[in-house]
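Asker: As input, take work17.pdb (PDB, C-alpha atoms, pLDDT in the B column):
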```
ATOM      1  CA  MET W   8     -84.079 213.173 -32.448  1.00 64.00           C
ATOM      2  CA  ALA W   9     -86.177 211.967 -29.468  1.00 71.00           C
ATOM      3  CA  GLU W  10     -86.628 208.239 -29.099  1.00 79.00           C
ATOM      4  CA  LYS W  11     -90.197 207.106 -29.719  1.00 84.00           C
ATOM      5  CA  LYS W  12     -91.763 205.427 -26.672  1.00 87.00           C
ATOM      6  CA  LYS W  13     -92.850 201.835 -27.169  1.00 87.00           C
ATOM      7  CA  LYS W  14     -96.346 200.738 -26.305  1.00 91.00           C
ATOM      8  CA  VAL W  15     -96.245 198.311 -23.365  1.00 85.00           C
ATOM      9  CA  LEU W  16     -98.906 195.607 -23.201  1.00 86.00           C
ATOM     10  CA  VAL W  17     -99.513 193.889 -19.871  1.00 82.00           C
ATOM     11  CA  ASN W  18    -102.496 191.696 -19.056  1.00 80.00           C
ATOM     12  CA  LEU W  19    -102.620 191.254 -15.274  1.00 77.00           C
ATOM     13  CA  ASN W  20    -104.939 188.259 -15.652  1.00 74.00           C
ATOM     14  CA  GLU W  21    -102.209 186.374 -17.510  1.00 77.00           C
ATOM     15  CA  ILE W  22     -99.488 186.846 -14.890  1.00 76.00           C
ATOM     16  CA  GLY W  23     -99.014 183.988 -12.451  1.00 71.00           C
ATOM     17  CA  ASP W  24    -101.027 180.852 -11.920  1.00 69.00           C
ATOM     18  CA  PHE W  25    -104.214 182.631 -10.972  1.00 68.00           C
ATOM     19  CA  ASP W  26    -106.657 185.177 -12.262  1.00 78.00           C
ATOM     20  CA  MET W  27    -105.924 188.560 -10.627  1.00 83.00           C
ATOM     21  CA  THR W  28    -109.570 189.578 -10.914  1.00 84.00           C
ATOM     22  CA  GLU W  29    -110.754 186.435  -9.109  1.00 87.00           C
ATOM     23  CA  LYS W  30    -108.173 186.882  -6.351  1.00 89.00           C
ATOM     24  CA  LEU W  31    -109.217 190.524  -5.890  1.00 91.00           C
ATOM     25  CA  LYS W  32    -112.895 189.487  -5.729  1.00 94.00           C
ATOM     26  CA  LYS W  33    -112.073 187.004  -2.947  1.00 95.00           C
ATOM     27  CA  GLU W  34    -110.253 189.690  -0.977  1.00 97.00           C
ATOM     28  CA  ILE W  35    -113.151 192.156  -1.437  1.00 98.00           C
ATOM     29  CA  ILE W  36    -115.550 189.486  -0.132  1.00 98.00           C
ATOM     30  CA  LYS W  37    -113.357 189.114   2.987  1.00 98.00           C
ATOM     31  CA  VAL W  38    -113.527 192.888   3.557  1.00 98.00           C
ATOM     32  CA  VAL W  39    -117.312 193.079   3.079  1.00 98.00           C
ATOM     33  CA  GLU W  40    -117.876 190.101   5.414  1.00 98.00           C
ATOM     34  CA  ASN W  41    -115.628 191.775   8.005  1.00 97.00           C
ATOM     35  CA  ILE W  42    -117.602 195.038   7.712  1.00 97.00           C
ATOM     36  CA  ARG W  43    -120.949 193.239   8.109  1.00 97.00           C
ATOM     37  CA  ASP W  44    -119.786 191.204  11.143  1.00 97.00           C
ATOM     38  CA  LYS W  45    -121.371 192.713  14.280  1.00 95.00           C
ATOM     39  CA  ASN W  46    -118.572 191.228  16.436  1.00 95.00           C
ATOM     40  CA  VAL W  47    -115.906 193.297  14.675  1.00 96.00           C
ATOM     41  CA  GLU W  48    -114.772 196.786  15.618  1.00 96.00           C
ATOM     42  CA  ASP W  49    -115.507 199.762  13.389  1.00 95.00           C
ATOM     43  CA  GLY W  50    -112.676 201.119  11.309  1.00 95.00           C
ATOM     44  CA  LYS W  51    -111.118 201.217   7.892  1.00 97.00           C
ATOM     45  CA  ARG W  52    -110.118 198.126   5.960  1.00 98.00           C
ATOM     46  CA  SER W  53    -107.717 197.941   3.026  1.00 98.00           C
ATOM     47  CA  ILE W  54    -106.490 195.729   0.217  1.00 98.00           C
ATOM     48  CA  SER W  55    -103.012 196.278  -1.208  1.00 97.00           C
ATOM     49  CA  ILE W  56    -101.422 194.421  -4.086  1.00 93.00           C
ATOM     50  CA  LYS W  57     -97.643 194.273  -3.889  1.00 94.00           C
ATOM     51  CA  PHE W  58     -95.551 193.445  -6.949  1.00 91.00           C
ATOM     52  CA  SER W  59     -91.888 192.615  -6.326  1.00 93.00           C
ATOM     53  CA  PHE W  60     -89.608 192.460  -9.378  1.00 94.00           C
ATOM     54  CA  ASP W  61     -86.379 190.456  -9.501  1.00 95.00           C
ATOM     55  CA  PRO W  62     -84.323 191.021 -12.679  1.00 95.00           C
ATOM     56  CA  LYS W  63     -82.929 187.789 -14.151  1.00 94.00           C
ATOM     57  CA  GLN W  64     -80.831 187.117 -17.229  1.00 91.00           C
ATOM     58  CA  ASN W  65     -81.853 187.521 -20.894  1.00 90.00           C
ATOM     59  CA  ASP W  66     -84.708 190.010 -20.385  1.00 88.00           C
ATOM     60  CA  GLU W  67     -86.427 187.761 -17.834  1.00 92.00           C
ATOM     61  CA  ILE W  68     -87.988 189.278 -14.739  1.00 90.00           C
ATOM     62  CA  GLY W  69     -89.128 187.283 -11.710  1.00 89.00           C
ATOM     63  CA  VAL W  70     -92.350 188.702 -10.288  1.00 86.00           C
ATOM     64  CA  SER W  71     -93.826 188.021  -6.855  1.00 86.00           C
ATOM     65  CA  ILE W  72     -97.456 189.081  -6.375  1.00 87.00           C
ATOM     66  CA  GLU W  73     -98.831 189.446  -2.849  1.00 91.00           C
ATOM     67  CA  PHE W  74    -102.309 190.509  -1.731  1.00 94.00           C
ATOM     68  CA  ILE W  75    -102.263 192.210   1.670  1.00 97.00           C
ATOM     69  CA  THR W  76    -105.699 192.584   3.225  1.00 98.00           C
ATOM     70  CA  LYS W  77    -106.119 194.443   6.514  1.00 98.00           C
ATOM     71  CA  LEU W  78    -109.363 193.773   8.358  1.00 98.00           C
ATOM     72  CA  ALA W  79    -110.795 195.282  11.526  1.00 97.00           C
ATOM     73  CA  PRO W  80    -110.189 193.159  14.654  1.00 96.00           C
ATOM     74  CA  ILE W  81    -112.841 191.285  16.611  1.00 94.00           C
ATOM     75  CA  LYS W  82    -114.326 193.380  19.421  1.00 94.00           C
ATOM     76  CA  LYS W  83    -112.701 192.897  22.791  1.00 92.00           C
ATOM     77  CA  THR W  84    -114.748 191.009  25.376  1.00 88.00           C
ATOM     78  CA  THR W  85    -113.915 190.840  29.068  1.00 88.00           C
ATOM     79  CA  VAL W  86    -115.449 188.220  31.374  1.00 81.00           C
ATOM     80  CA  THR W  87    -114.628 186.632  34.711  1.00 82.00           C
ATOM     81  CA  LEU W  88    -114.215 182.872  34.782  1.00 80.00           C
ATOM     82  CA  ILE W  89    -114.690 180.547  37.727  1.00 79.00           C
ATOM     83  CA  ALA W  90    -112.738 177.312  37.978  1.00 81.00           C
ATOM     84  CA  GLU W  91    -114.659 174.694  39.954  1.00 79.00           C
ATOM     85  CA  ASP W  92    -112.684 171.638  40.965  1.00 78.00           C
ATOM     86  CA  SER W  93    -114.747 168.547  41.656  1.00 72.00           C
ATOM     87  CA  THR W  94    -113.510 165.032  42.341  1.00 72.00           C
ATOM     88  CA  GLU W  95    -114.110 163.988  38.727  1.00 79.00           C
ATOM     89  CA  GLN W  96    -113.302 167.042  36.649  1.00 81.00           C
ATOM     90  CA  LEU W  97    -112.328 170.695  36.498  1.00 83.00           C
ATOM     91  CA  VAL W  98    -115.194 172.884  35.287  1.00 80.00           C
ATOM     92  CA  ILE W  99    -114.461 176.346  33.950  1.00 82.00           C
ATOM     93  CA  ARG W 100    -117.425 178.653  33.405  1.00 80.00           C
ATOM     94  CA  GLU W 101    -118.293 182.325  33.230  1.00 80.00           C
ATOM     95  CA  LYS W 102    -119.138 184.111  36.487  1.00 79.00           C
ATOM     96  CA  LEU W 103    -122.706 185.339  36.042  1.00 80.00           C
ATOM     97  CA  GLY W 104    -122.876 187.980  38.752  1.00 74.00           C
ATOM     98  CA  ASP W 105    -121.506 189.214  42.071  1.00 73.00           C
ATOM     99  CA  ASN W 106    -123.446 186.555  44.026  1.00 72.00           C
ATOM    100  CA  ASP W 107    -122.258 183.721  41.755  1.00 69.00           C
ATOM    101  CA  GLN W 108    -119.828 181.566  43.753  1.00 64.00           C
ATOM    102  CA  PRO W 109    -117.864 178.419  42.903  1.00 57.00           C
ATOM    103  CA  GLY W 110    -119.873 175.285  43.674  1.00 55.00           C
ATOM    104  CA  GLN W 111    -123.159 177.190  43.733  1.00 53.00           C
ATOM    105  CA  GLN W 112    -126.007 175.235  42.170  1.00 55.00           C
ATOM    106  CA  ASN W 113    -129.168 176.468  40.592  1.00 51.00           C
ATOM    107  CA  LEU W 114    -132.234 174.912  42.263  1.00 46.00           C
ATOM    108  CA  LEU W 115    -134.027 174.829  38.932  1.00 49.00           C
ATOM    109  CA  ASP W 116    -131.362 172.703  37.187  1.00 50.00           C
ATOM    110  CA  GLU W 117    -132.497 169.176  36.463  1.00 46.00           C
TER
END
```
Mind turning this structure into structure tokens?
Answerer:
Amino acid sequence: MAEKKKKVLVNLNEIGDFDMTEKLKKEIIKVVENIRDKNVEDGKRSISIKFSFDPKQNDEIGVSIEFITKLAPIKKTTVTLIAEDSTEQLVIREKLGDNDQPGQQNLLDE
């Protein structure tokens, strides 16, 4: 005679010291903010939930729960910097054009 399968009851919100639904909401918010950020590259994002099970003694099972969120990276920006050495300090600033030279001053600066 075939063994009758037992019904297994698991409430993911009662595992660990946190609410799984709340943690997932926080990760979804990170993904949506990353998608809406204009300084971030286009591409897919993902959220994975990893459960690791470590059998113990007497029907006990250690469980490790890890949320792995992959976001799109910030867009690459390339600039040229100029290091201007004065007697009092070193000033590092962005080069603004081909005619921009170290030590050059703008006549309109006050």
Asker: Hey, what's within 12 Å of stretch 27-32 of chain W if we count all atoms listed in the file and toss same-chain stuff fewer than 3 positions away? As number ranges by chain, please?
Answerer: W: 18-24, 35-39, 53-56, 72-76
Asker: Residues at most 7 Å from stretch 78-91 of chain W, counting only C-alpha atoms, excluding those fewer than 5 positions away in the same chain, as a VMD selection string?
Answerer: chain W and resid 38 41 46 to 53 97 to 102 109 to 110
Asker: Between atom CA of W:Val70 and atom CA of W:Val17, what is the distance, to one decimal in Å?
Answerer: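 We find that atom CA of W:Val70 and atom CA of W:Val17 lie 13.0 Å from each other.
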Asker: May I have the centre and edge lengths, in Å to one decimal, of an axis-aligned box around the listed atoms of stretch 99-108 of chain W with 4 Å added to every side, as AutoDock Vina command-line options?
Answerer:
```
--center_x -119.0 --center_y 182.8 --center_z 38.6 --size_x 17.0 --size_y 20.9 --size_z 18.8
```
Asker: Between atom CA of W:Ser71 and atom CA of W:Phe58, measure the distance and give it in Å to one decimal.
Answerer: 5.7 Å
Asker: Kindly give the distance, in Å, that separates atom CA of W:Lys13 and atom CA of W:Asn65, rounded to a single decimal.
Answerer: 19.1 Å
